[in-house]
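Q: Just dropping this structure here.
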Amino acid sequence: MLLSLSDIGKGYETGGARVEVLGGVDLALAPGETVALTGESGSGKSTLLHLCAGLDRADRGRIEVAGQDLTHASERRLAALRRETVGLVFQQFNLIPSLDVAANLAFQARLAGRHDPDRAAKLADRLGLSGLLSRYPEQLSGGQQQRVAIGRALAIRPALLLADEPTGNLDEATGDAVMELMLELVAEAGAGLLMVTHSPRLAARLGRRVHLAGGRLAA
Ligand SMILES: Nc1ncnc2c1ncn2[C@@H]1O[C@H](COP(=O)(O)OP(=O)(O)OP(=O)(O)O)[C@@H](O)[C@H]1O
């Protein structure tokens, strides 16, 4: 399995009270599989994605990504996982304002020691960004910025792409075009995708849908 979660529990302590967000989540994603994660606001979708990225730790249960156990991994190991194996795309594009598009696209790949100028140029072309490489994020539209964020995440050739409402900040037409492109590139790369979305319409575009409610996942 590319991603496997078994009996994941996670809660938060707020103001002295403990809130259980995830209570026994199981999920398995095969290589190349695309899965939509839906659920009401506050149901724990982002929490779950953060655990899969090793940005936070589960209270109980076991998470494996590409054969690596995240449960007991060191911070260093988790950082390496995010650099080399897992790509992340968020609703806020999170580009680096002081870097132009070319440098933003190459940033993660450079960190991972995987920057390949030919591949980067091809990716920029596929993303329709070839003419924008020397622009800065503030000079781009929202859809263009999100295409850069997707390119940056895919440039490391991740086995797994985690996306948290990646088109949530875009108008429907732009969002649809960006989504289309992201799905195409994910398929070409043979990467797995776990994508949070509020939209049943977008969820239907992915291979499978899981729904988070009451701290558990259901099909
Ligand atoms: N760091 C934190 N500390 C305390 N509570 C938190 C923290 N992060 C999330 N929560 C709580 O955990 C619950 C789940 O939050 P999460 O962001 O995972 O939900 P979500 O399904 O992604 O919501 P949305 O669709 O609104 O983005 C919420 O009640 C939230 O307030």
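For the structure tokens, the naming scheme is as follows: chains receive sequential letters (A, B, ...) according to their order of presentation, residues are indexed from 1 within each chain, and ligands are indexed from 1 in presentation order.
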List every residue of chain A that has an atom at most 9 Å from any atom of ligand 1, giving for each one its closest atom pair and the distance in Å to one decimal, counting only C-alpha atoms and all ligand atoms, sorted by chain and then by ascending residue number, as CSV.
A:
```
residue,atom,partner,partner_atom_place_in_ligand_line,distance
A:Lys10,CA,ligand 1,12 (O),8.9
A:Gly11,CA,ligand 1,12 (O),7.3
A:Tyr12,CA,ligand 1,4 (C),4.8
A:Glu13,CA,ligand 1,4 (C),6.1
A:Thr14,CA,ligand 1,4 (C),5.6
A:Arg18,CA,ligand 1,4 (C),8.8
A:Val19,CA,ligand 1,12 (O),7.3
A:Glu20,CA,ligand 1,12 (O),7.8
A:Val21,CA,ligand 1,13 (C),5.5
A:Leu22,CA,ligand 1,14 (C),8.4
A:Thr38,CA,ligand 1,21 (O),8.0
A:Gly39,CA,ligand 1,21 (O),6.1
A:Glu40,CA,ligand 1,25 (O),5.9
A:Ser41,CA,ligand 1,25 (O),3.5
A:Gly42,CA,ligand 1,19 (O),3.5
A:Ser43,CA,ligand 1,21 (O),3.9
A:Gly44,CA,ligand 1,18 (O),3.1
A:Lys45,CA,ligand 1,21 (O),3.8
A:Ser46,CA,ligand 1,22 (O),3.6
A:Thr47,CA,ligand 1,18 (O),3.7
A:Leu48,CA,ligand 1,18 (O),6.5
A:Leu49,CA,ligand 1,18 (O),8.1
A:His50,CA,ligand 1,18 (O),8.4
A:Asp164,CA,ligand 1,22 (O),8.1
A:Glu165,CA,ligand 1,27 (O),8.4
A:Val196,CA,ligand 1,22 (O),7.9
A:Thr197,CA,ligand 1,25 (O),8.1
A:His198,CA,ligand 1,25 (O),7.2
A:Leu212,CA,ligand 1,21 (O),7.9
```
Q: Write out as a list in words the set of residues from segment 48-86 of chain A that DSSP, computed on the backbone, places in strand (DSSP E or B).
A: Arg60, Gly61, Arg62, Ile63, Glu64, Val65, Gln68, Asp69 and Val86 of chain A
Q: Quick one: contact table of segment 14-129 of chain A to segment 199-205 of chain A, 8 Å max, nearest atom pair and distance in Å to one decimal per residue, counting only C-alpha atoms, chain and number order, as a Markdown table?
A:
```
| residue | atom | partner | partner_atom | distance |
| --- | --- | --- | --- | --- |
| A:Val35 | CA | A:Ala203 | CA | 7.9 |
| A:Ala36 | CA | A:Ala203 | CA | 5.2 |
| A:Leu37 | CA | A:Ala203 | CA | 7.6 |
| A:Thr38 | CA | A:Ala203 | CA | 7.7 |
```
Q: Could you give me, as a tab-separated table, every segment 112-200 of chain A residue with an atom at most 9 Å from segment 64-81 of chain A, plus its closest atom pair and distance in Å to one decimal, counting only C-alpha atoms, rows ordered by chain then number?
A:
```
residue	atom	partner	partner_atom	distance
A:Ala112	CA	A:Ala80	CA	8.1
A:Ala159	CA	A:Ala66	CA	7.4
A:Leu160	CA	A:Val65	CA	8.2
```
Q: Check the smallest atom-to-atom distance from each of A:Arg209, A:Leu133, A:Gly87, A:Arg114 to Val101 of chain A using only C-alpha atoms, then report the winner.
A: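 That would be A:Leu133, the residue with the smallest distance to Val101 of chain A.
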Q: Could you work out how far atom CA of Ile150 of chain A lies from atom CA of Ala177 of chain A, giving the answer in Å with one decimal?
A: 12.7 Å
Q: Do you have the atom CA of Leu105 of chain A-atom CA of Met1 of chain A distance handy?
A: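 Here the two named atoms are 28.5 Å from each other.
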Q: Taking only C-alpha atoms into account, which of A:Ile96, A:Ala120, A:Ala163, A:Ile8 comes nearest Tyr136 of chain A?
A: A:Ile96
Q: Smallest atom-to-atom distance to Gly151 of chain A: which of A:Leu170, A:Val89, A:Pro117, A:Leu194, using only C-alpha atoms?
A: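 That would be A:Val89, the residue with the smallest distance to Gly151 of chain A.
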Q: Just the alpha helix (DSSP H) stuff from segment 49-150 of chain A, please, per backbone DSSP, written as a PyMOL selection string.
A: chain A and resi 49-52+75-84+101-111+117-126+142-150
Q: Put those residues in a file: C-alpha atoms, as an mmCIF file, in the first residue's frame.
A:
```
data_model
loop_
_atom_site.group_PDB
_atom_site.id
_atom_site.type_symbol
_atom_site.label_atom_id
_atom_site.label_comp_id
_atom_site.auth_asym_id
_atom_site.auth_seq_id
_atom_site.Cartn_x
_atom_site.Cartn_y
_atom_site.Cartn_z
ATOM 1 C CA LEU A 49 -4.214 15.100 5.989
ATOM 2 C CA HIS A 50 -1.666 16.638 8.358
ATOM 3 C CA LEU A 51 -1.143 13.259 10.001
ATOM 4 C CA CYS A 52 -0.565 11.624 6.601
ATOM 5 C CA GLU A 75 11.275 14.597 13.094
ATOM 6 C CA ARG A 76 14.197 14.329 10.740
ATOM 7 C CA ARG A 77 12.695 11.293 9.047
ATOM 8 C CA LEU A 78 9.330 13.055 8.728
ATOM 9 C CA ALA A 79 10.992 16.102 7.184
ATOM 10 C CA ALA A 80 12.734 13.831 4.668
ATOM 11 C CA LEU A 81 9.412 12.181 3.860
ATOM 12 C CA ARG A 82 7.856 15.585 3.067
ATOM 13 C CA ARG A 83 10.857 16.533 0.978
ATOM 14 C CA GLU A 84 11.065 13.342 -1.043
ATOM 15 C CA VAL A 101 7.807 31.268 -10.692
ATOM 16 C CA ALA A 102 10.813 29.295 -11.959
ATOM 17 C CA ALA A 103 12.444 29.335 -8.516
ATOM 18 C CA ASN A 104 9.175 28.525 -6.762
ATOM 19 C CA LEU A 105 8.684 25.549 -9.074
ATOM 20 C CA ALA A 106 12.218 24.303 -8.437
ATOM 21 C CA PHE A 107 12.291 24.994 -4.705
ATOM 22 C CA GLN A 108 11.130 21.634 -3.295
ATOM 23 C CA ALA A 109 12.939 19.652 -5.960
ATOM 24 C CA ARG A 110 16.191 21.450 -5.124
ATOM 25 C CA LEU A 111 15.720 20.677 -1.438
ATOM 26 C CA PRO A 117 15.857 21.460 -15.499
ATOM 27 C CA ASP A 118 14.429 19.486 -18.440
ATOM 28 C CA ARG A 119 11.674 18.003 -16.376
ATOM 29 C CA ALA A 120 10.977 21.377 -14.740
ATOM 30 C CA ALA A 121 10.633 22.992 -18.166
ATOM 31 C CA LYS A 122 8.253 20.265 -19.327
ATOM 32 C CA LEU A 123 6.198 20.577 -16.175
ATOM 33 C CA ALA A 124 6.004 24.375 -16.541
ATOM 34 C CA ASP A 125 4.858 23.866 -20.100
ATOM 35 C CA ARG A 126 2.168 21.371 -19.096
ATOM 36 C CA GLY A 142 -5.134 32.822 -8.229
ATOM 37 C CA GLY A 143 -5.400 30.045 -10.804
ATOM 38 C CA GLN A 144 -1.849 30.683 -11.980
ATOM 39 C CA GLN A 145 -0.558 30.665 -8.409
ATOM 40 C CA GLN A 146 -2.256 27.365 -7.702
ATOM 41 C CA ARG A 147 -0.759 25.872 -10.859
ATOM 42 C CA VAL A 148 2.677 26.872 -9.557
ATOM 43 C CA ALA A 149 1.884 25.275 -6.187
ATOM 44 C CA ILE A 150 0.835 22.049 -7.926
#
```
